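Data file: data.txt. Format and content: compact mmCIF, C-alpha atoms.
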# COMPACT_ATOMS: atom_id res chain seq x y z
CA MET Z 998 0.00 0.00 0.00
CA ARG Z 999 1.35 3.40 -0.88
CA PRO Z 1000 -0.05 6.30 1.20
CA THR Z 1001 1.28 9.84 0.92
CA SER Z 1002 -0.21 11.40 4.05
CA LEU Z 1003 -1.97 10.52 7.34
CA ALA Z 1004 -5.60 9.72 6.57
CA VAL Z 1005 -8.56 7.95 8.07
CA LEU Z 1006 -11.43 7.08 5.78
CA CYS Z 1007 -14.85 5.78 6.80
CA VAL Z 1008 -16.83 4.57 3.84
CA SER Z 1009 -20.58 3.96 4.19
CA LEU Z 1010 -21.91 1.98 1.29
CA ALA Z 1011 -25.09 0.07 0.52
CA LEU Z 1012 -24.13 -3.27 2.01
CA MET Z 1013 -22.40 -2.20 5.22
CA ALA Z 1014 -20.06 0.42 6.73
CA VAL Z 1015 -16.40 -0.08 6.05
CA ALA Z 1016 -13.80 1.45 8.34
CA ILE Z 1017 -10.41 2.00 6.84
CA GLY Z 1018 -7.77 2.70 9.49
CA ALA Z 1019 -5.18 5.40 9.68
CA ILE Z 1020 -2.50 5.36 7.05
CA VAL Z 1021 0.83 6.46 8.41
CA VAL Z 1022 3.19 8.37 6.23
CA ARG Z 1023 6.86 8.62 6.73
CA ALA Z 1024 8.76 10.86 4.34
CA MET Z 1025 12.49 10.89 3.91
CA SER Z 1026 12.82 14.62 3.39
CA GLY Z 1027 15.76 16.56 4.71
CA GLU Z 1028 15.64 18.70 7.84
CA PRO Z 1029 17.30 21.97 8.89
CA SER Z 1030 19.68 20.16 11.23
CA PRO Z 1031 21.13 16.88 9.92
CA GLU Z 1032 21.35 15.37 13.39
CA ALA Z 1033 17.70 16.21 14.00
CA ALA Z 1034 16.59 13.92 11.19
CA ALA Z 1035 13.39 12.23 12.33
CA PRO Z 1036 12.83 8.47 12.32
CA ILE Z 1037 11.29 7.23 9.12
CA VAL Z 1038 8.80 5.02 10.88
CA PRO Z 1039 7.18 5.04 14.33
CA THR Z 1040 9.25 3.61 17.12
CA ALA Z 1041 8.31 0.26 18.60
CA PRO Z 1042 9.31 -1.94 21.52
CA ALA Z 1043 12.40 -4.05 21.03
CA ASP Z 1044 10.31 -7.19 20.81
CA ALA Z 1045 8.67 -5.77 17.68
CA ARG Z 1046 12.03 -5.51 15.91
CA PRO Z 1047 12.19 -7.04 12.45
CA THR Z 1048 14.62 -9.90 12.07
CA ASP Z 1049 16.95 -10.38 9.15
CA GLY Z 1050 15.75 -10.33 5.54
CA PRO Z 1051 13.74 -13.16 4.06
CA ALA Z 1052 15.47 -16.51 4.10
CA ILE Z 1053 15.46 -18.50 0.91
CA THR Z 1054 13.98 -21.87 1.68
CA PRO Z 1055 13.71 -24.70 -0.83
CA ALA Z 1056 10.41 -24.48 -2.68
CA ALA Z 1057 8.13 -27.45 -3.00
CA THR Z 1058 7.68 -29.23 -6.29
CA PRO Z 1059 4.19 -29.78 -7.72
CA GLY Z 1060 2.43 -32.71 -6.12
CA THR Z 1061 4.85 -32.85 -3.17
CA SER Z 1062 4.93 -31.22 0.21
CA GLY Z 1063 4.61 -27.46 -0.13
CA PRO Z 1064 4.78 -24.65 2.45
CA THR Z 1065 2.23 -26.31 4.73
CA GLY Z 1066 1.19 -29.59 3.17
CA SER Z 1067 0.47 -31.47 -0.01
CA ALA Z 1068 -0.01 -29.69 -3.32
CA SER Z 1069 -2.26 -32.50 -4.50
CA GLY Z 1070 -5.99 -32.60 -3.96
CA PRO Z 1071 -8.82 -30.28 -4.97
CA ALA Z 1072 -8.01 -26.96 -6.59
CA GLU Z 1073 -8.77 -24.51 -3.80
CA HIS Z 1074 -7.03 -21.67 -2.07
CA ASP Z 1075 -5.50 -22.53 1.33
CA GLY Z 1076 -5.01 -19.70 3.81
CA SER Z 1077 -2.57 -21.70 5.95
CA ARG Z 1078 -0.25 -22.09 2.96
CA ALA Z 1079 -0.43 -18.36 2.33
CA LEU Z 1080 0.40 -17.69 5.97
CA SER Z 1081 3.50 -19.89 5.76
CA ILE Z 1082 4.75 -17.93 2.75
CA LEU Z 1083 3.93 -14.63 4.47
CA GLN Z 1084 5.97 -15.62 7.50
CA GLU Z 1085 9.04 -16.24 5.32
CA LEU Z 1086 8.70 -12.93 3.53
CA ALA Z 1087 8.00 -10.90 6.68
CA LYS Z 1088 11.23 -11.80 8.46
CA GLY Z 1089 12.50 -8.33 7.61
CA PRO Z 1090 12.07 -5.26 5.40
CA ARG Z 1091 12.20 -5.71 1.61
CA VAL Z 1092 12.99 -2.23 0.33
CA SER Z 1093 13.19 -1.70 -3.42
CA GLY Z 1094 16.73 -1.97 -4.74
CA SER Z 1095 18.06 -3.63 -1.58
CA PRO Z 1096 19.69 -7.07 -1.27
CA ALA Z 1097 16.68 -8.13 0.83
CA GLU Z 1098 14.40 -7.38 -2.12
CA ALA Z 1099 16.58 -9.55 -4.36
CA ARG Z 1100 16.42 -12.44 -1.89
CA ALA Z 1101 12.64 -12.12 -1.67
CA ALA Z 1102 12.37 -12.12 -5.48
CA GLU Z 1103 14.44 -15.30 -5.61
CA TYR Z 1104 12.23 -16.96 -3.00
CA ILE Z 1105 9.03 -15.95 -4.83
CA SER Z 1106 10.39 -17.07 -8.19
CA GLY Z 1107 11.34 -20.45 -6.73
CA LEU Z 1108 7.82 -21.00 -5.42
CA PHE Z 1109 6.26 -20.15 -8.78
CA ARG Z 1110 8.63 -22.54 -10.53
CA SER Z 1111 7.84 -25.28 -8.04
CA TYR Z 1112 4.20 -25.11 -9.12
CA GLY Z 1113 5.14 -25.60 -12.77
CA TYR Z 1114 5.30 -22.00 -14.00
CA THR Z 1115 7.86 -20.40 -16.26
CA THR Z 1116 9.19 -17.41 -14.32
CA GLU Z 1117 10.90 -14.17 -15.23
CA VAL Z 1118 12.64 -11.84 -12.83
CA MET Z 1119 12.18 -8.52 -14.60
CA SER Z 1120 14.53 -5.72 -13.60
CA PHE Z 1121 13.54 -2.10 -14.12
CA GLU Z 1122 14.91 1.29 -13.18
CA PHE Z 1123 13.17 4.22 -11.59
CA GLU Z 1124 14.45 7.63 -10.69
CA GLY Z 1125 14.58 8.77 -7.11
CA ASP Z 1126 16.16 7.59 -3.89
CA ARG Z 1127 13.26 7.77 -1.49
CA PHE Z 1128 14.59 4.61 0.15
CA ARG Z 1129 18.37 4.21 -0.29
CA ALA Z 1130 18.42 0.96 1.62
CA GLY Z 1131 21.53 -1.18 1.86
CA GLU Z 1132 22.91 -3.63 4.38
CA VAL Z 1133 25.45 -4.14 7.08
CA ARG Z 1134 26.52 -7.77 7.37
CA LEU Z 1135 27.97 -9.28 10.52
CA ASP Z 1136 28.98 -12.94 10.53
CA GLY Z 1137 27.05 -13.34 7.30
CA GLN Z 1138 23.80 -12.04 8.81
CA PRO Z 1139 22.25 -8.95 7.18
CA ALA Z 1140 20.86 -5.91 8.96
CA GLU Z 1141 18.98 -3.20 7.13
CA ALA Z 1142 20.97 0.02 6.69
CA LEU Z 1143 19.88 3.36 5.26
CA THR Z 1144 22.41 5.35 3.27
CA LEU Z 1145 22.78 8.97 4.35
CA ALA Z 1146 22.34 11.71 1.77
CA GLY Z 1147 25.79 12.64 0.48
CA SER Z 1148 27.18 9.13 0.89
CA PRO Z 1149 28.46 7.33 -2.19
CA GLY Z 1150 27.41 3.79 -2.97
CA GLY Z 1151 29.82 0.92 -2.74
CA GLN Z 1152 30.98 -2.15 -0.87
CA VAL Z 1153 33.30 -2.04 2.13
CA GLN Z 1154 34.51 -4.96 4.25
CA ALA Z 1155 36.99 -4.35 7.05
CA SER Z 1156 37.61 -4.60 10.76
CA ALA Z 1157 35.28 -2.42 12.79
CA VAL Z 1158 36.27 0.03 15.51
CA TYR Z 1159 33.83 1.55 18.01
CA VAL Z 1160 34.37 5.31 18.34
CA GLY Z 1161 31.57 6.35 20.68
CA LEU Z 1162 30.03 9.58 19.42
CA ALA Z 1163 32.81 9.96 16.81
CA ASP Z 1164 33.86 13.15 18.55
CA ALA Z 1165 37.49 14.02 19.31
CA ALA Z 1166 37.46 11.92 22.48
CA GLY Z 1167 35.92 8.93 20.72
CA VAL Z 1168 38.36 8.94 17.81
CA SER Z 1169 41.48 9.83 19.77
CA GLY Z 1170 43.98 7.02 20.06
CA LYS Z 1171 41.97 4.67 17.83
CA ASP Z 1172 43.58 2.95 14.86
CA LEU Z 1173 41.02 3.63 12.11
CA LYS Z 1174 43.25 3.38 9.07
CA GLY Z 1175 41.53 1.11 6.54
CA LYS Z 1176 38.79 0.24 9.03
CA VAL Z 1177 35.07 0.83 9.50
CA ALA Z 1178 34.12 3.26 12.27
CA VAL Z 1179 31.00 2.47 14.28
CA ALA Z 1180 29.54 5.48 16.08
CA ASP Z 1181 26.52 6.33 18.19
CA ARG Z 1182 24.01 8.88 16.98
CA GLY Z 1183 23.74 11.98 19.15
CA THR Z 1184 25.42 15.26 20.26
CA LEU Z 1185 27.57 15.79 17.17
CA ASN Z 1186 26.07 16.39 13.74
CA PHE Z 1187 26.54 13.84 10.97
CA PHE Z 1188 29.04 15.98 9.05
CA ASP Z 1189 31.40 16.20 12.02
CA LYS Z 1190 31.11 12.49 12.78
CA TYR Z 1191 32.01 11.72 9.17
CA THR Z 1192 34.95 14.15 8.94
CA ASN Z 1193 36.42 12.93 12.24
CA ALA Z 1194 36.28 9.32 11.06
CA ARG Z 1195 37.65 10.23 7.63
CA ASP Z 1196 40.54 12.25 9.01
CA ALA Z 1197 41.48 9.29 11.22
CA GLY Z 1198 41.74 7.05 8.14
CA ALA Z 1199 38.40 5.19 8.22
CA VAL Z 1200 37.01 3.72 4.99
CA GLY Z 1201 33.40 3.39 6.17
CA LEU Z 1202 31.08 4.71 8.87
CA ILE Z 1203 28.08 3.06 10.54
CA LEU Z 1204 25.85 5.28 12.68
CA VAL Z 1205 23.77 3.50 15.33
CA ASN Z 1206 20.46 5.05 16.34
CA ASN Z 1207 20.12 6.19 19.96
CA ARG Z 1208 16.42 5.37 20.02
CA PRO Z 1209 14.34 2.46 18.72
CA GLY Z 1210 13.86 2.09 14.99
CA PRO Z 1211 15.78 3.24 11.90
CA PHE Z 1212 16.64 6.76 10.85
CA SER Z 1213 18.11 8.63 7.93
CA GLY Z 1214 19.96 11.91 7.62
CA ASN Z 1215 22.02 14.27 5.51
CA LEU Z 1216 25.80 14.62 5.63
CA THR Z 1217 25.59 18.05 3.95
CA THR Z 1218 28.70 17.10 1.98
CA LEU Z 1219 29.79 14.52 -0.58
CA ALA Z 1220 31.50 11.79 1.38
CA SER Z 1221 34.45 9.77 0.10
CA PHE Z 1222 33.24 6.44 1.53
CA PRO Z 1223 29.90 4.82 2.42
CA VAL Z 1224 28.09 6.20 5.47
CA VAL Z 1225 25.03 4.27 6.61
CA SER Z 1226 22.69 4.18 9.59
CA VAL Z 1227 21.21 1.20 11.43
CA SER Z 1228 18.49 0.86 14.02
CA GLN Z 1229 19.23 0.79 17.73
CA GLU Z 1230 18.11 -2.84 17.82
CA ASP Z 1231 20.39 -4.02 15.00
CA GLY Z 1232 23.14 -1.69 16.13
CA ALA Z 1233 23.68 -3.35 19.50
CA ALA Z 1234 25.35 -6.40 17.94
CA ILE Z 1235 27.35 -4.19 15.57
CA VAL Z 1236 28.68 -2.11 18.46
CA ASP Z 1237 29.70 -5.29 20.28
CA ALA Z 1238 31.49 -6.51 17.16
CA ALA Z 1239 33.29 -3.18 16.78
CA ARG Z 1240 34.45 -3.25 20.40
CA ALA Z 1241 35.96 -6.66 19.64
CA GLY Z 1242 37.52 -5.53 16.35
CA ARG Z 1243 35.53 -8.01 14.27
CA THR Z 1244 34.92 -7.67 10.54
CA VAL Z 1245 31.78 -6.03 9.18
CA ALA Z 1246 30.66 -5.40 5.62
CA ILE Z 1247 28.74 -2.39 4.30
CA SER Z 1248 26.69 -2.47 1.10
CA ALA Z 1249 25.38 0.93 -0.01
CA PRO Z 1250 23.35 1.54 -3.21
CA PRO Z 1251 24.72 3.84 -5.93
CA THR Z 1252 23.85 7.52 -6.08
CA THR Z 1253 23.07 7.80 -9.79
CA GLY Z 1254 19.47 8.76 -9.09
CA LEU Z 1255 18.33 5.48 -10.64
CA THR Z 1256 17.32 2.51 -8.51
CA VAL Z 1257 17.12 -0.98 -9.96
CA ALA Z 1258 14.19 -3.01 -8.61
CA LEU Z 1259 12.53 -6.28 -9.55
CA ASN Z 1260 9.24 -7.80 -10.64
CA VAL Z 1261 8.63 -11.55 -10.66
CA ILE Z 1262 6.30 -12.80 -13.41
CA ALA Z 1263 4.94 -16.33 -13.65
CA ARG Z 1264 3.23 -17.77 -16.70
CA PRO Z 1265 2.32 -21.32 -17.77
CA THR Z 1266 4.84 -21.34 -20.62
CA THR Z 1267 7.28 -18.88 -22.13
CA ALA Z 1268 4.88 -18.32 -25.01
CA SER Z 1269 1.78 -17.84 -22.85
CA GLU Z 1270 -0.17 -14.65 -23.48
CA CYS Z 1271 -1.56 -13.27 -20.23
CA LYS Z 1272 -5.30 -12.68 -20.51
CA VAL Z 1273 -5.82 -12.51 -16.76
CA LEU Z 1274 -3.10 -11.24 -14.41
CA VAL Z 1275 -3.15 -11.72 -10.63
CA GLY Z 1276 -0.64 -9.52 -8.81
CA GLY Z 1277 0.47 -7.79 -5.65
CA HIS Z 1278 3.58 -5.97 -4.48
CA PHE Z 1279 6.23 -7.61 -2.31
CA ASP Z 1280 8.39 -4.61 -1.33
CA SER Z 1281 8.11 -2.80 1.99
CA VAL Z 1282 9.28 0.46 3.52
CA PRO Z 1283 12.42 0.70 5.70
CA GLY Z 1284 12.04 -0.57 9.24
CA ALA Z 1285 8.82 -2.46 8.54
CA PRO Z 1286 8.64 -6.25 8.24
CA GLY Z 1287 5.71 -5.62 5.91
CA ALA Z 1288 3.58 -8.59 6.98
CA ASN Z 1289 0.19 -7.08 6.19
CA ASP Z 1290 1.63 -4.59 3.70
CA ASN Z 1291 2.18 -6.53 1.62
CA ALA Z 1292 3.53 -9.98 2.35
CA SER Z 1293 -0.14 -10.86 2.91
CA GLY Z 1294 -1.19 -9.86 -0.59
CA VAL Z 1295 1.72 -11.41 -2.46
CA ALA Z 1296 1.48 -14.61 -0.38
CA ASN Z 1297 -2.13 -14.87 -1.48
CA VAL Z 1298 -1.04 -14.30 -5.09
CA ILE Z 1299 1.47 -17.16 -4.80
CA GLU Z 1300 -1.09 -19.45 -3.17
CA LEU Z 1301 -3.60 -18.63 -5.90
CA ALA Z 1302 -0.96 -19.64 -8.44
CA ARG Z 1303 -0.53 -23.00 -6.69
CA ALA Z 1304 -4.27 -23.59 -6.55
CA ALA Z 1305 -4.65 -22.68 -10.22
CA ALA Z 1306 -1.89 -25.13 -11.13
CA VAL Z 1307 -3.31 -28.16 -9.33
CA ASP Z 1308 -5.70 -29.16 -12.13
CA GLY Z 1309 -3.51 -27.87 -14.96
CA LEU Z 1310 -2.20 -24.44 -15.89
CA ASP Z 1311 -4.55 -22.28 -17.91
CA GLU Z 1312 -2.63 -20.70 -20.77
CA GLY Z 1313 -4.28 -17.33 -20.25
CA VAL Z 1314 -3.58 -16.87 -16.51
CA CYS Z 1315 -0.39 -15.23 -15.22
CA PHE Z 1316 0.81 -14.05 -11.82
CA ALA Z 1317 3.10 -11.22 -10.77
CA ALA Z 1318 4.87 -9.94 -7.67
CA PHE Z 1319 5.61 -6.24 -8.11
CA GLY Z 1320 8.58 -4.32 -6.77
CA ALA Z 1321 8.82 -0.60 -5.93
CA GLU Z 1322 5.13 -0.12 -5.17
CA GLU Z 1323 6.01 1.80 -2.03
CA SER Z 1324 8.28 4.11 -4.02
CA GLY Z 1325 5.57 5.03 -6.52
CA LEU Z 1326 3.91 2.00 -8.17
CA TYR Z 1327 6.99 1.66 -10.37
CA GLY Z 1328 6.96 -2.12 -10.75
CA SER Z 1329 3.42 -2.37 -12.06
CA LYS Z 1330 3.99 0.71 -14.22
CA ALA Z 1331 7.06 -0.91 -15.77
CA LEU Z 1332 5.20 -4.12 -16.61
CA VAL Z 1333 2.18 -2.25 -17.99
CA SER Z 1334 4.45 -0.06 -20.12
CA ARG Z 1335 6.25 -3.09 -21.55
CA TRP Z 1336 3.02 -4.91 -22.35
CA GLN Z 1337 1.54 -1.80 -23.92
CA LYS Z 1338 4.50 -1.55 -26.29
CA GLU Z 1339 4.17 -5.24 -27.12
CA GLY Z 1340 0.39 -5.02 -27.55
CA LYS Z 1341 -0.05 -7.67 -24.85
CA LEU Z 1342 -2.03 -6.02 -22.08
CA PRO Z 1343 -4.24 -8.48 -20.18
CA ARG Z 1344 -7.99 -8.29 -20.45
CA TYR Z 1345 -8.40 -8.44 -16.67
CA ALA Z 1346 -6.19 -7.71 -13.65
CA ILE Z 1347 -6.67 -8.73 -10.01
CA ASN Z 1348 -4.67 -6.87 -7.35
CA LEU Z 1349 -4.21 -7.97 -3.72
CA ASP Z 1350 -2.79 -5.55 -1.14
CA VAL Z 1351 -3.11 -5.61 2.68
CA THR Z 1352 -5.16 -8.80 2.97
CA GLY Z 1353 -4.29 -10.17 6.41
CA ILE Z 1354 -6.15 -8.14 9.05
CA GLY Z 1355 -9.78 -7.06 9.01
CA GLU Z 1356 -13.41 -8.04 9.41
CA SER Z 1357 -14.49 -8.57 5.81
CA VAL Z 1358 -13.26 -8.86 2.25
CA GLU Z 1359 -13.23 -5.39 0.74
CA VAL Z 1360 -13.56 -5.00 -3.01
CA ILE Z 1361 -12.27 -1.87 -4.72
CA GLY Z 1362 -13.23 -0.99 -8.27
CA ASP Z 1363 -15.94 0.86 -10.18
CA GLY Z 1364 -16.84 -1.55 -12.98
CA GLN Z 1365 -18.91 -4.66 -13.43
CA ILE Z 1366 -15.95 -6.85 -12.47
CA ALA Z 1367 -15.94 -5.35 -8.95
CA ARG Z 1368 -19.71 -5.56 -8.53
CA ALA Z 1369 -19.62 -9.20 -9.60
CA ALA Z 1370 -16.80 -9.85 -7.10
CA VAL Z 1371 -18.94 -8.60 -4.21
CA ALA Z 1372 -21.79 -10.85 -5.32
CA THR Z 1373 -19.39 -13.77 -5.62
CA GLY Z 1374 -18.19 -13.27 -2.05
CA PHE Z 1375 -21.72 -13.29 -0.70
CA SER Z 1376 -22.54 -16.40 -2.71
CA LEU Z 1377 -19.66 -18.10 -0.86
CA GLY Z 1378 -21.02 -16.98 2.52
CA ILE Z 1379 -18.02 -14.69 3.06
CA PRO Z 1380 -18.61 -11.11 4.31
CA THR Z 1381 -17.72 -9.05 1.26
CA VAL Z 1382 -18.30 -5.33 0.79
CA PRO Z 1383 -17.59 -2.68 -1.84
CA SER Z 1384 -14.98 -0.21 -0.65
CA GLN Z 1385 -12.55 2.44 -1.81
CA LEU Z 1386 -9.19 3.93 -0.90
CA PRO Z 1387 -8.60 7.47 0.30
CA ALA Z 1388 -7.64 9.88 -2.46
CA ASN Z 1389 -4.11 10.08 -1.03
CA ALA Z 1390 -3.45 6.33 -1.04
CA GLY Z 1391 -2.71 4.00 -3.92
CA SER Z 1392 -1.81 0.52 -5.03
CA ASP Z 1393 -0.76 -1.30 -8.19
CA HIS Z 1394 -4.31 -1.66 -9.49
CA GLN Z 1395 -4.08 1.95 -10.62
CA SER Z 1396 -1.38 1.19 -13.21
CA PHE Z 1397 -3.74 -1.23 -14.95
CA ILE Z 1398 -6.78 1.04 -14.68
CA ASP Z 1399 -4.78 3.84 -16.30
CA ALA Z 1400 -4.01 1.49 -19.19
CA GLY Z 1401 -7.68 0.60 -19.68
CA VAL Z 1402 -7.51 -2.88 -18.16
CA GLN Z 1403 -10.60 -4.08 -16.29
CA THR Z 1404 -9.34 -4.35 -12.72
CA VAL Z 1405 -10.53 -5.48 -9.30
CA PHE Z 1406 -8.65 -4.92 -6.04
CA PHE Z 1407 -9.04 -7.08 -2.92
CA THR Z 1408 -8.04 -5.92 0.57
CA SER Z 1409 -9.08 -6.66 4.14
CA GLY Z 1410 -9.14 -2.99 5.03
CA ASP Z 1411 -7.11 -2.65 8.25
CA PHE Z 1412 -4.15 -0.32 7.63
CA SER Z 1413 -3.48 0.56 11.28
CA THR Z 1414 0.01 -0.95 11.55
CA ILE Z 1415 1.34 -0.66 8.01
CA HIS Z 1416 4.61 1.20 7.38
CA SER Z 1417 5.77 0.56 10.93
CA PRO Z 1418 7.78 -2.01 12.90
CA LEU Z 1419 4.43 -3.22 14.26
CA ASP Z 1420 3.46 -4.74 10.91
CA VAL Z 1421 4.42 -8.26 11.99
CA SER Z 1422 3.26 -11.72 10.99
CA GLY Z 1423 2.02 -12.52 14.50
CA ASP Z 1424 -0.95 -10.21 13.98
CA ILE Z 1425 -2.04 -11.77 10.71
CA SER Z 1426 -5.35 -13.64 10.66
CA VAL Z 1427 -5.22 -16.89 8.72
CA THR Z 1428 -9.02 -16.69 8.48
CA MET Z 1429 -8.80 -13.31 6.81
CA LEU Z 1430 -6.10 -14.52 4.42
CA ASP Z 1431 -8.27 -17.51 3.58
CA GLN Z 1432 -11.43 -15.47 2.99
CA VAL Z 1433 -9.73 -12.94 0.71
CA GLY Z 1434 -8.03 -15.74 -1.19
CA ASP Z 1435 -11.23 -17.78 -1.55
CA VAL Z 1436 -13.14 -14.84 -3.03
CA ALA Z 1437 -10.23 -13.93 -5.31
CA PHE Z 1438 -9.92 -17.53 -6.50
CA ALA Z 1439 -13.62 -17.73 -7.33
CA VAL Z 1440 -13.40 -14.44 -9.22
CA LEU Z 1441 -10.30 -15.65 -11.04
CA ASN Z 1442 -12.18 -18.75 -12.22
CA ASP Z 1443 -15.09 -16.59 -13.38
CA LEU Z 1444 -12.76 -14.35 -15.38
CA VAL Z 1445 -11.02 -17.35 -16.95
CA ALA Z 1446 -14.43 -18.63 -18.04
CA GLN Z 1447 -15.26 -15.25 -19.56
CA VAL Z 1448 -12.00 -15.22 -21.48
CA ALA Z 1449 -12.73 -18.70 -22.80
CA GLN Z 1450 -16.13 -17.51 -24.03
CA GLY Z 1451 -14.43 -14.70 -25.91

As structure tokens, the full file:
Amino acid sequence: MRPTSLAVLCVSLALMAVAIGAIVVRAMSGEPSPEAAAPIVPTAPADARPTDGPAITPAATPGTSGPTGSASGPAEHDGSRALSILQELAKGPRVSGSPAEARAAEYISGLFRSYGYTTEVMSFEFEGDRFRAGEVRLDGQPAEALTLAGSPGGQVQASAVYVGLADAAGVSGKDLKGKVAVADRGTLNFFDKYTNARDAGAVGLILVNNRPGPFSGNLTTLASFPVVSVSQEDGAAIVDAARAGRTVAISAPPTTGLTVALNVIARPTTASECKVLVGGHFDSVPGAPGANDNASGVANVIELARAAAVDGLDEGVCFAAFGAEESGLYGSKALVSRWQKEGKLPRYAINLDVTGIGESVEVIGDGQIARAAVATGFSLGIPTVPSQLPANAGSDHQSFIDAGVQTVFFTSGDFSTIHSPLDVSGDISVTMLDQVGDVAFAVLNDLVAQVAQG
């Protein structure tokens, strides 16, 4: 989900009232004082801290044990399978252009392939560095790091040295030549911390937050080596490593203004023409595990792909996991643009975003396809209501609507924890995942039948 400001929308429609929770916005704009840079996301207790990025686990093969059981049996959506996938994805943030995003794309692609699909990992570029997310690795384990404005991109691996506040007292007497300085945020501005570390011979600088959560800032100069920030929670282990002189590695994205992100596309065969596309974004914002927004939606997309494959792959049905939605719907825009040029836009598109917490299946769309989806949900005995997003929020369905594709968008309507460290898998309702997926699967089958009828 991509909001651009704090909003609360209450929608009263014919079937029932729909409450859409507050959408929290965190902008990465600069501030008058670099050291006063505000956290990007709300703070949270330490026990809400995201863990490392998504692990890549072996995907199941068709007809064998999958995420939660057997892939054989009747073709139906299984919420428990979707939850298992969600839990893998939501082990940490998946910011566009970051190594964590690449690992998530690999995991998603592997699942699609295991169900018999031909997959493509489509790279695309977009301009802007709203989230310049990189990594700090310690003992092979990644921690999300945000690159400060003014820092170059690059890779650095060296022994770490703890320098306190990176003031004169912290740097004095420390051997920093060819090493990575690890400093606490606070007291001194970012520029002075950087210049003190640079003048002492450091080749990298990691700034550890002095309060929960991540932060970003501005060096107000062009640095000669990577300078990144980490959360207080992740920083504790990094400080310990620096005190012991252990090796750390910094990975910072380039500063060209272009970010490379990824889409994952699954189709029955390489030659398949996509008449119906089911999609949802898999990226998240910094500091947020992104369980509801939107591991829930893309996990449902993947589970729908498995269910559709059980009785044979329909040549006209494709699935997609979009990158860079949070940065501006760039992944879906890139795919739509490519298909427009090729004359291969789908006839229908189904979008799933924020599908794991709520009281009913909410259907967004103005056309007959959306009205039919509401009726389909009620025919299944599942609470299903027409809904809409606030004017200042968006999702990937818009890219297809703008291209003239008939589109329906499924959500569960609770946005209260998105874009925060509180967006964790423990709060996800398997019942809600199942209900959204069941309605979407029934609608998918209806659309396939319509395509077959011409």

Looking at Z:Ala1446, Z:Val1133, Z:Ile1347, Z:Ala1439, which one is nearest to Z:Thr1373, with distances taken over only C-alpha atoms?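 Smallest separation from Z:Thr1373 among the options: Z:Ala1439.
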
List the spatial neighbours of stretch 1406-1414 of chain Z as a ChimeraX atom specification - criterion: any atom at most 10 Å away, only C-alpha atoms, same-chain residues fewer than 6 positions off excluded. /Z:998,1005,1015-1021,1039,1275-1277,1285,1287-1290,1293-1294,1346-1362,1366-1367,1370,1381-1386,1392-1395,1420-1421,1424,1429-1430,1432-1434,1436-1437

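Atom CA of Z:Arg1091 lies 12.2 Å from atom CA of Z:Glu1103.
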
Near Z:Ala1238, within 10 Å and counting all atoms listed in the file, which residues show up once chain neighbours fewer than 5 positions away are dropped, as a list in words?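 Counting only the stated atoms, we get Leu1135, Asp1136, Ser1156, Ala1157, Val1158, Tyr1159, Val1179, Gly1232, Ala1233, Arg1243, Thr1244 and Val1245 of chain Z.
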
Which residue, Z:Glu1300, Z:Glu1270, Z:Asp1435, Z:Asp1280, has the smallest gap to Z:Arg1344 when you use all atoms listed in the file?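 For Z:Arg1344, the nearest of the candidates is Z:Glu1270.
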
Within 12 Å of stretch 1137-1140 of chain Z, counting all atoms listed in the file, which residues show up once you throw out same-chain ones fewer than 5 positions away? Write them as a VMD selection string, please. chain Z and resid 1046 to 1052 1088 to 1091 1095 to 1097 1100 1130 to 1132 1154 1203 1205 1211 1225 to 1235 1244 to 1248 1283 to 1284

Calculate how many Å separate atom CA of Z:Tyr1112 from atom CA of Z:Ser1376, rounding to one decimal.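 It comes out at 28.8 Å.
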
Can you list every residue of stretch 1233-1257 of chain Z that has an atom at most 12 Å from stretch 1161-1172 of chain Z, with its nearest atom pair and the distance in Å to one decimal, using all atoms listed in the file, ordered by chain then number, as JSON lines?
{"residue": "Z:Val1236", "atom": "CA", "partner": "Z:Gly1161", "partner_atom": "CA", "distance": 9.2}
{"residue": "Z:Asp1237", "atom": "CA", "partner": "Z:Gly1161", "partner_atom": "CA", "distance": 11.8}
{"residue": "Z:Ala1239", "atom": "CA", "partner": "Z:Gly1161", "partner_atom": "CA", "distance": 10.4}
{"residue": "Z:Arg1240", "atom": "CA", "partner": "Z:Gly1161", "partner_atom": "CA", "distance": 10.0}
{"residue": "Z:Gly1242", "atom": "CA", "partner": "Z:Asp1172", "partner_atom": "CA", "distance": 10.5}

What are the centre and edge lengths in Å, to one decimal, of the axis-aligned box around all listed atoms of stretch 1275-1284 of chain Z with 5 Å added on each side, as JSON?
{"center_x": 4.6, "center_y": -5.5, "center_z": -0.7, "size_x": 25.6, "size_y": 22.4, "size_z": 29.9}

So how many Å separate atom CA of Z:Gly1320 and atom CA of Z:Leu1145, to one decimal?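 About the pair atom CA of Z:Gly1320 and atom CA of Z:Leu1145: they are 22.4 Å apart.
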
In terms of the shortest atom-to-atom distance over all atoms listed in the file, which of Z:Val1160, Z:Ile1105, Z:Ile1379, Z:Val1153 is closest to Z:Glu1117?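 Distance minimum relative to Z:Glu1117 lands on Z:Ile1105.
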
Which residue out of Z:Asn1206, Z:Ser1148, Z:Ala1258, Z:Val1200 has the minimum interatomic distance to Z:Phe1188 when all atoms listed in the file are used? Z:Ser1148
